[in-house]
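J.: You'll find final_23.csv just under this line, and it carries CSV, C-alpha atoms and all ligand atoms.
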chain,number,residue,atom,x,y,z
W,1,MET,CA,-1.0,10.9,-10.6
W,2,PHE,CA,-4.2,10.3,-8.6
W,3,ARG,CA,-3.0,10.6,-5.1
W,4,LYS,CA,-0.2,10.5,-2.6
W,5,PHE,CA,1.6,12.5,-5.3
W,6,SER,CA,5.0,11.9,-4.0
W,7,LEU,CA,5.1,10.6,-0.5
W,8,LEU,CA,8.5,9.1,-1.0
W,9,ALA,CA,9.9,12.3,-2.4
W,10,ALA,CA,8.2,14.3,0.2
W,11,ALA,CA,9.7,12.2,2.9
W,12,PHE,CA,13.1,13.5,2.0
W,13,THR,CA,12.1,17.1,1.7
W,14,LEU,CA,12.8,19.4,4.6
W,15,VAL,CA,9.8,21.5,5.1
W,16,VAL,CA,9.6,24.3,7.6
W,17,ALA,CA,6.0,25.0,8.5
W,18,ALA,CA,5.3,28.5,7.5
W,19,SER,CA,2.7,29.0,10.1
W,20,GLU,CA,0.7,27.0,12.5
W,21,SER,CA,-2.5,27.8,10.9
W,22,SER,CA,-5.5,26.8,12.8
W,23,ARG,CA,-6.9,24.5,10.2
W,24,ALA,CA,-9.2,22.8,12.6
W,25,SER,CA,-11.1,26.0,13.4
W,26,GLN,CA,-11.4,26.9,9.7
W,27,ALA,CA,-12.6,23.6,8.3
W,28,ALA,CA,-16.2,22.4,8.0
W,29,PRO,CA,-17.4,19.8,10.4
W,30,ALA,CA,-17.2,16.1,9.4
W,31,THR,CA,-20.1,14.8,7.3
W,32,ARG,CA,-19.7,11.2,8.4
W,33,HIS,CA,-20.0,9.9,11.9
W,34,TYR,CA,-19.6,6.5,13.4
W,35,LEU,CA,-20.2,5.2,16.9
W,36,VAL,CA,-17.4,2.7,17.8
W,37,LYS,CA,-18.7,0.2,20.3
W,38,LYS,CA,-16.8,-2.2,22.5
W,39,VAL,CA,-16.1,-5.8,21.7
W,40,THR,CA,-17.7,-8.5,23.9
W,41,GLY,CA,-15.0,-11.1,23.3
W,42,PRO,CA,-11.7,-11.6,21.5
W,43,ILE,CA,-11.3,-10.8,17.9
W,44,ASN,CA,-9.1,-13.4,16.1
W,45,ILE,CA,-7.0,-11.3,13.7
W,46,ASP,CA,-7.1,-13.7,10.8
W,47,GLY,CA,-9.0,-11.7,8.2
W,48,LYS,CA,-12.1,-13.9,8.6
W,49,LEU,CA,-15.0,-11.8,9.8
W,50,GLU,CA,-16.6,-14.7,11.7
W,51,GLU,CA,-16.8,-13.1,15.1
W,52,ALA,CA,-20.4,-12.4,16.3
W,53,ASP,CA,-19.2,-8.9,17.3
W,54,TRP,CA,-18.5,-8.1,13.6
W,55,ALA,CA,-21.9,-9.3,12.6
W,56,ALA,CA,-23.5,-7.1,15.3
W,57,CYS,CA,-21.5,-4.1,14.2
W,58,GLU,CA,-22.9,-1.3,12.1
W,59,PRO,CA,-21.5,-1.6,8.6
W,60,ILE,CA,-20.0,1.3,6.6
W,61,ARG,CA,-20.4,1.1,2.8
W,62,LEU,CA,-17.6,2.9,1.1
W,63,VAL,CA,-18.6,5.2,-1.7
W,64,GLY,CA,-16.7,6.9,-4.6
W,65,TYR,CA,-13.7,9.0,-3.6
W,66,ASN,CA,-15.5,12.2,-4.6
W,67,GLU,CA,-19.2,13.0,-4.1
W,68,GLY,CA,-21.2,11.6,-7.0
W,69,VAL,CA,-18.6,9.1,-8.1
W,70,SER,CA,-19.9,5.5,-8.2
W,71,VAL,CA,-18.1,2.3,-7.4
W,72,LYS,CA,-18.3,-1.0,-9.3
W,73,GLN,CA,-17.3,-3.3,-6.5
W,74,GLN,CA,-18.6,-2.9,-2.9
W,75,THR,CA,-16.6,-2.5,0.3
W,76,MET,CA,-18.0,-2.8,3.7
W,77,ALA,CA,-16.0,-1.6,6.7
W,78,ARG,CA,-16.6,-1.9,10.5
W,79,MET,CA,-14.9,-0.7,13.6
W,80,LEU,CA,-14.8,-1.9,17.3
W,81,TRP,CA,-12.6,-1.2,20.2
W,82,ASP,CA,-11.4,-2.3,23.6
W,83,ASP,CA,-8.9,-0.7,26.0
W,84,GLY,CA,-6.0,-2.0,24.0
W,85,TYR,CA,-6.9,-1.8,20.3
W,86,LEU,CA,-9.1,-0.1,17.7
W,87,TYR,CA,-10.3,-2.9,15.5
W,88,ILE,CA,-11.1,-2.2,11.8
W,89,SER,CA,-12.3,-4.6,9.2
W,90,TRP,CA,-12.9,-4.3,5.5
W,91,HIS,CA,-14.8,-6.8,3.3
W,92,CYS,CA,-14.0,-6.2,-0.3
W,93,GLU,CA,-16.1,-7.7,-3.1
W,94,ASP,CA,-13.6,-8.4,-5.9
W,95,SER,CA,-13.9,-10.5,-9.1
W,96,GLN,CA,-10.2,-10.2,-9.7
W,97,ILE,CA,-7.7,-9.8,-6.9
W,98,TRP,CA,-4.2,-8.9,-7.7
W,99,SER,CA,-1.2,-7.7,-5.8
W,100,THR,CA,2.5,-8.2,-6.1
W,101,LEU,CA,4.1,-6.1,-3.4
W,102,THR,CA,5.5,-8.0,-0.4
W,103,VAL,CA,7.9,-5.5,1.2
W,104,ARG,CA,6.8,-3.3,4.1
W,105,ASP,CA,6.4,0.4,3.2
W,106,ASP,CA,6.6,-0.3,-0.5
W,107,THR,CA,4.2,1.7,-2.8
W,108,LEU,CA,1.1,-0.4,-1.9
W,109,TYR,CA,-1.1,2.5,-3.0
W,110,GLN,CA,-0.2,1.9,-6.6
W,111,GLN,CA,-2.0,-1.5,-6.4
W,112,GLU,CA,-5.0,-3.0,-4.7
W,113,VAL,CA,-5.1,-2.0,-1.0
W,114,VAL,CA,-7.3,-0.9,1.9
W,115,GLU,CA,-6.3,2.1,4.0
W,116,VAL,CA,-7.1,3.9,7.2
W,117,PHE,CA,-5.9,7.4,8.1
W,118,ILE,CA,-6.3,8.2,11.8
W,119,ASN,CA,-6.1,11.7,13.3
W,120,PRO,CA,-6.8,11.3,17.0
W,121,ASP,CA,-6.6,14.9,18.1
W,122,GLY,CA,-8.4,16.2,15.1
W,123,ASP,CA,-5.8,18.7,14.2
W,124,ARG,CA,-6.1,17.8,10.5
W,125,GLU,CA,-2.3,18.0,10.2
W,126,ALA,CA,-0.6,15.0,11.7
W,127,TYR,CA,-2.1,11.6,11.3
W,128,LEU,CA,-1.3,7.9,11.1
W,129,GLU,CA,-1.6,6.1,7.8
W,130,LEU,CA,-2.0,2.3,7.6
W,131,GLU,CA,-2.4,0.2,4.5
W,132,VAL,CA,-2.7,-3.5,3.9
W,133,ASN,CA,-2.8,-5.3,0.5
W,134,PRO,CA,-4.3,-8.7,-0.4
W,135,LEU,CA,-0.9,-10.4,0.3
W,136,GLY,CA,-0.9,-9.0,3.8
W,137,THR,CA,1.8,-6.5,3.2
W,138,LEU,CA,1.8,-3.5,5.5
W,139,TRP,CA,2.4,0.2,4.8
W,140,ASP,CA,2.6,2.1,8.1
W,141,GLY,CA,3.7,5.7,8.4
W,142,PHE,CA,3.1,9.0,10.0
W,143,VAL,CA,2.0,11.9,7.8
W,144,LEU,CA,2.4,15.6,8.3
W,145,LYS,CA,0.1,17.7,6.1
W,146,ARG,CA,1.5,21.2,5.9
W,147,ASP,CA,0.4,24.2,3.8
W,148,SER,CA,3.7,23.8,2.0
W,149,GLY,CA,3.3,20.1,1.3
W,150,LEU,CA,3.0,16.6,2.5
W,151,ILE,CA,5.7,14.8,4.5
W,152,GLY,CA,5.4,11.0,4.8
W,153,ILE,CA,7.5,9.5,7.5
W,154,LEU,CA,7.7,5.9,6.3
W,155,ALA,CA,10.3,5.1,9.0
W,156,TRP,CA,7.6,5.1,11.5
W,157,ASN,CA,6.8,1.5,12.2
W,158,SER,CA,4.2,0.1,14.5
W,159,PHE,CA,5.4,-2.5,16.9
W,160,GLY,CA,2.1,-3.8,18.1
W,161,LEU,CA,-0.2,-3.6,15.1
W,162,ARG,CA,-1.7,-6.9,14.1
W,163,ARG,CA,-3.3,-7.7,10.7
W,164,GLY,CA,-4.9,-10.6,9.0
W,165,VAL,CA,-6.1,-11.1,5.4
W,166,ASN,CA,-8.6,-13.7,4.1
W,167,LEU,CA,-8.9,-14.4,0.4
W,168,GLU,CA,-12.0,-15.9,-1.2
W,169,GLY,CA,-10.3,-16.2,-4.6
W,170,THR,CA,-6.8,-16.4,-6.1
W,171,VAL,CA,-4.4,-13.5,-6.3
W,172,ASN,CA,-2.9,-12.7,-9.7
W,173,ASP,CA,-4.9,-15.4,-11.6
W,174,PRO,CA,-7.0,-13.6,-14.3
W,175,SER,CA,-8.3,-17.0,-15.6
W,176,ASP,CA,-10.8,-17.4,-12.8
W,177,LYS,CA,-13.3,-15.2,-11.0
W,178,ASP,CA,-12.7,-14.2,-7.4
W,179,LYS,CA,-15.2,-13.4,-4.8
W,180,SER,CA,-13.7,-11.2,-2.1
W,181,TRP,CA,-10.8,-10.4,0.2
W,182,SER,CA,-11.1,-9.3,3.8
W,183,VAL,CA,-8.8,-7.5,6.2
W,184,GLU,CA,-8.8,-7.3,10.0
W,185,LEU,CA,-6.6,-4.8,11.7
W,186,ALA,CA,-5.9,-4.3,15.4
W,187,VAL,CA,-4.4,-0.9,15.9
W,188,PRO,CA,-2.7,-0.5,19.3
W,189,LEU,CA,-4.1,2.5,21.0
W,190,ASP,CA,-1.0,3.3,23.0
W,191,GLU,CA,0.9,4.0,19.8
W,192,LEU,CA,-1.5,6.8,18.8
W,193,VAL,CA,0.6,9.4,20.5
W,194,THR,CA,-1.6,12.4,19.7
W,195,ALA,CA,-4.7,10.8,21.2
W,196,PRO,CA,-6.2,13.0,24.0
W,197,ASN,CA,-6.8,9.9,26.1
W,198,VAL,CA,-5.4,6.4,25.9
W,199,PRO,CA,-7.5,4.4,26.1
W,200,PRO,CA,-10.1,6.8,24.9
W,201,LYS,CA,-12.9,7.9,27.2
W,202,SER,CA,-16.5,7.2,26.2
W,203,GLY,CA,-17.5,10.2,24.1
W,204,ASP,CA,-14.0,10.9,22.7
W,205,LYS,CA,-14.1,11.9,19.1
W,206,TRP,CA,-11.3,11.2,16.6
W,207,ARG,CA,-11.1,12.1,12.9
W,208,LEU,CA,-10.5,9.1,10.6
W,209,ASN,CA,-11.1,8.0,7.0
W,210,LEU,CA,-11.3,4.6,5.4
W,211,TYR,CA,-10.3,3.9,1.8
W,212,ARG,CA,-9.9,1.2,-0.7
W,213,ILE,CA,-8.2,1.1,-4.1
W,214,ASP,CA,-9.5,-1.6,-6.5
W,215,LEU,CA,-7.2,-1.6,-9.5
W,216,PRO,CA,-7.8,-4.8,-11.6
W,217,GLN,CA,-4.7,-5.8,-13.6
W,218,ARG,CA,-3.3,-2.3,-13.4
W,219,ASN,CA,-6.2,-1.1,-15.6
W,220,LYS,CA,-7.0,2.4,-14.4
W,221,GLU,CA,-10.0,2.5,-16.6
W,222,LEU,CA,-11.6,-0.1,-14.3
W,223,ALA,CA,-10.3,1.3,-11.1
W,224,ASP,CA,-12.5,2.1,-8.1
W,225,TYR,CA,-11.1,4.6,-5.6
W,226,SER,CA,-13.5,4.5,-2.7
W,227,ALA,CA,-13.8,6.2,0.7
W,228,TRP,CA,-15.9,6.4,3.8
W,229,SER,CA,-16.0,10.2,3.7
W,230,PRO,CA,-15.4,11.5,0.1
W,231,VAL,CA,-12.5,13.8,-0.4
W,232,SER,CA,-12.6,17.1,-2.3
W,233,GLY,CA,-10.0,16.4,-5.0
W,234,GLY,CA,-7.7,13.8,-6.3
W,235,SER,CA,-5.9,12.9,-3.1
W,236,TYR,CA,-6.9,10.8,-0.1
W,237,HIS,CA,-4.7,13.2,1.9
W,238,ASP,CA,-7.6,15.5,2.6
W,239,PRO,CA,-8.0,15.6,6.4
W,240,ASP,CA,-10.6,18.3,6.3
W,241,ARG,CA,-12.8,15.7,4.8
W,242,PHE,CA,-12.1,12.8,7.2
W,243,GLY,CA,-15.1,11.4,9.0
W,244,GLU,CA,-15.5,11.4,12.8
W,245,ILE,CA,-15.6,8.4,15.0
W,246,GLU,CA,-16.9,8.5,18.6
W,247,PHE,CA,-15.9,5.9,21.1
W,248,SER,CA,-18.8,4.5,23.1
W,249,SER,CA,-18.5,2.5,26.3
W,250,GLU,CA,-21.6,0.5,25.1
W,251,SER,CA,-20.9,-3.1,24.0
W,252,VAL,CA,-21.7,-4.0,20.4
W,253,ARG,CA,-23.9,-6.8,21.7
W,254,TYR,CA,-26.0,-6.4,24.9
I,1,CA,CA,-11.5,-12.9,12.6
I,2,CA,CA,-9.6,-6.3,-7.7
I,3,CA,CA,6.7,2.2,8.2
Would you mind writing the file's structure down as structure tokens?
Ligand SMILES: [Ca+2]
Ligand SMILES: [Ca+2]
Ligand SMILES: [Ca+2]
T.:
Amino acid sequence: MFRKFSLLAAAFTLVVAASESSRASQAAPATRHYLVKKVTGPINIDGKLEEADWAACEPIRLVGYNEGVSVKQQTMARMLWDDGYLYISWHCEDSQIWSTLTVRDDTLYQQEVVEVFINPDGDREAYLELEVNPLGTLWDGFVLKRDSGLIGILAWNSFGLRRGVNLEGTVNDPSDKDKSWSVELAVPLDELVTAPNVPPKSGDKWRLNLYRIDLPQRNKELADYSAWSPVSGGSYHDPDRFGEIEFSSESVRY
């Protein structure tokens, strides 16, 4: 199985951390950096990236999940912030959008989905995972990556997270050609309990990665697994390979 291996199973596995290895000090520095600038006005979380702040924002083009792997359909992501939220958007080119899962915390990662993994203190061990599919279904959980395995705490639910999806196409209709789907996410900063500062101070750096799974009609031959910062193997759960974001007090438009 490509990734996640068995988050569900892992969630019920009692794991005692063998040692608090200092992963952060052993690992290589991030190879991707992004300066997150401040919004100048409200972001309407409807999935439509119509706000001028998004247009002014530096885009991130996701690449193949491993170095050298190409993707067939492009994904552009952007990030902004204010004192309350980290805003993330994805614009996903997609000629065939499909998705059937409608229950929170279901196995969204087995279908088409966008994802963000957020590791505010950069320990590369404990991070938040958020996923949204084209139907607007949410997967939210806290993940502990230990030397002995992966523990996914699906019971962790965000109370303040807001999300919006906009479709340019029809979900689950292979008879027509779709254009794209877009997601806006507002992640409440006060729920990021491992952040050194809430709200972040200008210059604060967090580790984070952005992903997308494009899996037309469950055809793995045509699948794109993409990432902002490519991972080293077959799992997105590779915090040593997350990128680094830096919060800036500078406005995105000035
Ligand atoms: Ca919007
Ligand atoms: Ca698709
Ligand atoms: Ca949850």
J.: Could the residues that lie within 6 Å of ligand CA 3 (chain I), counting all atoms listed in the file, be listed as a list in words?
T.: Asp105, Trp139, Asp140, Gly141, Leu154, Ala155, Trp156 and Asn157 of chain W
J.: Return as a PDB file with C-alpha atoms, in the frame of the given file every polymer residue, whether protein, DNA or RNA, with at least one atom no more than 7 Å from an atom of ligand CA 2 (chain I); count only C-alpha atoms and all ligand atoms.
T.:
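Output (result-v2.pdb):
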ATOM      1  CA  ASP W  94     -13.600  -8.400  -5.900  1.00  0.00           C
ATOM      2  CA  SER W  95     -13.900 -10.500  -9.100  1.00  0.00           C
ATOM      3  CA  GLN W  96     -10.200 -10.200  -9.700  1.00  0.00           C
ATOM      4  CA  ILE W  97      -7.700  -9.800  -6.900  1.00  0.00           C
ATOM      5  CA  TRP W  98      -4.200  -8.900  -7.700  1.00  0.00           C
ATOM      6  CA  GLU W 112      -5.000  -3.000  -4.700  1.00  0.00           C
ATOM      7  CA  ASP W 214      -9.500  -1.600  -6.500  1.00  0.00           C
ATOM      8  CA  LEU W 215      -7.200  -1.600  -9.500  1.00  0.00           C
ATOM      9  CA  PRO W 216      -7.800  -4.800 -11.600  1.00  0.00           C
TER      10      PRO W 216
END
J.: Using only C-alpha atoms and all ligand atoms, find each protein or nucleic acid residue lying at most 10 Å from ligand CA 1 (chain I); present the set as a ChimeraX atom specification.
T.: /W:42-54,89,163-166,182-185
J.: Please compute the atom CA of W:Arg241-atom CA of W:Pro29 distance, one decimal, in Å.
T.: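 Taking atom CA of W:Arg241 as the start and atom CA of W:Pro29 as the end point, the length is 8.3 Å.
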J.: Set the distance at 9 Å and use only C-alpha atoms: which residues neighbour stretch 193-195 of chain W once local chain neighbours fewer than 4 positions away are removed? I'd like the list as number ranges by chain.
T.: W: 119-122, 126-127, 189, 199-200, 206
J.: Could you tell me how far atom CA of W:Ala77 sits from atom CA of W:Val36, in Å to one decimal place?
T.: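 Atom-to-atom, atom CA of W:Val36 to atom CA of W:Ala77, that is 12.0 Å.
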J.: Edge lengths and centre in Å to one decimal, as lines of an AutoDock Vina configuration file, is what I'm after for the box along x, y and z that holds all listed atoms of stretch 146-164 of chain W once 6 Å is added on each side.
T.:
center_x = 2.7
center_y = 6.8
center_z = 9.7
size_x = 27.2
size_y = 46.8
size_z = 28.8
J.: May I ask which of the residues W:Arg162, W:Arg32, W:Lys201, W:Arg61 is the closest one to W:Leu138, counting only C-alpha atoms?
T.: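 Closest residue, counting only C-alpha atoms: W:Arg162.
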J.: Could you name the residues that touch W:Asp83 at 12 Å or less, counting all atoms listed in the file, but leaving out those on the same chain fewer than 4 positions away, as a list in words?
T.: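 Returned residues: Lys37, Lys38, Val39, Thr40, Tyr87, Ala186, Val187, Pro188, Leu189, Asp190, Asn197, Val198, Pro199, Pro200, Lys201, Ser202, Phe247, Ser248 and Ser249 of chain W.
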J.: Restricting the output to C-alpha atoms, write the selected residues as a PDB file, in the coordinates of the input.
T.:
ATOM      1  CA  LYS W  37     -18.700   0.200  20.300  1.00  0.00           C
ATOM      2  CA  LYS W  38     -16.800  -2.200  22.500  1.00  0.00           C
ATOM      3  CA  VAL W  39     -16.100  -5.800  21.700  1.00  0.00           C
ATOM      4  CA  THR W  40     -17.700  -8.500  23.900  1.00  0.00           C
ATOM      5  CA  TYR W  87     -10.300  -2.900  15.500  1.00  0.00           C
ATOM      6  CA  ALA W 186      -5.900  -4.300  15.400  1.00  0.00           C
ATOM      7  CA  VAL W 187      -4.400  -0.900  15.900  1.00  0.00           C
ATOM      8  CA  PRO W 188      -2.700  -0.500  19.300  1.00  0.00           C
ATOM      9  CA  LEU W 189      -4.100   2.500  21.000  1.00  0.00           C
ATOM     10  CA  ASP W 190      -1.000   3.300  23.000  1.00  0.00           C
ATOM     11  CA  ASN W 197      -6.800   9.900  26.100  1.00  0.00           C
ATOM     12  CA  VAL W 198      -5.400   6.400  25.900  1.00  0.00           C
ATOM     13  CA  PRO W 199      -7.500   4.400  26.100  1.00  0.00           C
ATOM     14  CA  PRO W 200     -10.100   6.800  24.900  1.00  0.00           C
ATOM     15  CA  LYS W 201     -12.900   7.900  27.200  1.00  0.00           C
ATOM     16  CA  SER W 202     -16.500   7.200  26.200  1.00  0.00           C
ATOM     17  CA  PHE W 247     -15.900   5.900  21.100  1.00  0.00           C
ATOM     18  CA  SER W 248     -18.800   4.500  23.100  1.00  0.00           C
ATOM     19  CA  SER W 249     -18.500   2.500  26.300  1.00  0.00           C
TER      20      SER W 249
END
